[in-house]
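Taking it in order: structure first as C-alpha cells, then the write-up.
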Amino acid sequence: MDNKPQTSEHLSRFLSQRGYQVYVAKDGPSVLEFVGRVRPQLVVMDMDLPGFKGLEVLRTLRAKKYTGGFVMMTAMEDDTLLKAAFDLGSADILGKPVDPERLLVAIQVGLILLRN
C-alpha cells in the first residue's frame with residue numbers, strides 16, 4: 001500500500017474497519033505475486049515502492065491482462081509519471097500524506113468504474 005509500514009498499517013486498519021479486505025505488500029514484487037495469485041478487485045499502491053516502482057508494477061500487471069482497478073498514492077509532482085498512471089487506468093492519484101476519508105472515496109469510485 002504505502003512505502004512506510006506505519007502508514008500502511010494505519011490505512012489498512014481504517015479500511016478493514018469499514019468492511020474492506022486488505023492485504024499489505026512490502027514491495028513491488030510482493031504486489032505482483034499477490035495480484036497474480038488472488039486477482040483483487042482493486043489495488044491501492046504507492047508510486048515509490050521498494051523493488052519495483054508503482055508505475056512499473058502497474059505496467060506489468062496491465063501487460064498480464066489484470067483488469068482490476070488501481071488507486072495510486074504519491075508524494076511526487078512529476079506530471080509525466082502521473083499522466084502515465086492515468087493512461088494505464090488508475091482511477092485516482094492521491095497526494096501524500098493521504099487523507100483516509102479521501103482514500104475511501106477514491107476506492108469507492110474505483111470500484112464503481114469497474115462495474116461500468
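Labels used: A, B, ... for chains in the order of the C-alpha cells, numbers from 1 for residues in each chain, and numbers from 1 for ligands as shown.
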Neighbour list for segment 20-32 of chain A as a ChimeraX atom specification, cut-off 12 Å, only C-alpha atoms, skip fewer than 2 positions in-chain: /A:1-18,34-64,66,104,107-108,111
In segment 10-100 of chain A, DSSP strand (DSSP E) residues written as a ChimeraX atom specification: /A:42-46,69-74,90-95
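If you measure from each of A:Leu103, A:Asn116, A:Gly110, A:Lys65 to Ser90 of chain A using only C-alpha atoms, the closest one turns out to be A:Gly110.
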DSSP-assigned helix (DSSP H, G or I) members of chain A, reported as number ranges by chain: A: 5-16, 28-38, 54-63, 79-87, 100-115
Residue neighbourhood Lys96 of chain A, 10 Å, only C-alpha atoms, exclusion window fewer than 2 positions, as a short mmCIF file (atom, residue, chain, number, x, y, z; two decimals) with N, CA, C and O atoms, in the first residue's frame:
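Done, and the output landed in part-v8.cif:
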data_model
loop_
_atom_site.label_atom_id
_atom_site.label_comp_id
_atom_site.auth_asym_id
_atom_site.auth_seq_id
_atom_site.Cartn_x
_atom_site.Cartn_y
_atom_site.Cartn_z
N ASP A 2 1.58 1.52 1.08
CA ASP A 2 2.44 2.70 1.18
C ASP A 2 3.87 2.24 1.43
O ASP A 2 4.09 1.15 1.95
N ASP A 46 1.48 2.77 -3.55
CA ASP A 46 2.38 3.92 -3.58
C ASP A 46 3.16 3.89 -4.89
O ASP A 46 3.53 2.82 -5.37
N MET A 73 -0.89 6.38 -4.86
CA MET A 73 -0.55 7.42 -3.89
C MET A 73 0.87 7.87 -4.18
O MET A 73 1.71 7.06 -4.56
N THR A 74 1.12 9.17 -4.01
CA THR A 74 2.46 9.66 -4.29
C THR A 74 2.74 10.99 -3.60
O THR A 74 1.83 11.77 -3.35
N ALA A 75 4.01 11.19 -3.32
CA ALA A 75 4.48 12.49 -2.84
C ALA A 75 5.16 13.24 -3.99
O ALA A 75 5.56 14.38 -3.84
N MET A 76 5.29 12.58 -5.14
CA MET A 76 5.94 13.18 -6.31
C MET A 76 5.00 14.12 -7.04
O MET A 76 3.80 13.94 -7.02
N ILE A 93 -5.20 9.40 -8.27
CA ILE A 93 -3.85 9.50 -7.72
C ILE A 93 -3.94 10.48 -6.56
O ILE A 93 -4.30 11.64 -6.75
N LEU A 94 -3.64 10.00 -5.38
CA LEU A 94 -3.76 10.80 -4.17
C LEU A 94 -2.40 11.31 -3.72
O LEU A 94 -1.43 10.55 -3.68
N VAL A 98 -1.78 10.90 2.75
CA VAL A 98 -3.12 10.54 2.28
C VAL A 98 -4.14 10.70 3.41
O VAL A 98 -3.95 10.20 4.51
N ASP A 99 -5.21 11.40 3.08
CA ASP A 99 -6.34 11.52 3.99
C ASP A 99 -7.15 10.22 3.86
O ASP A 99 -7.61 9.89 2.76
#
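You will find atom CA of Met72 of chain A at 15.7 Å from atom CA of Leu114 of chain A.
Atom pair atom CA of Gly19 of chain A / atom CA of Asp87 of chain A: separated by 29.4 Å.
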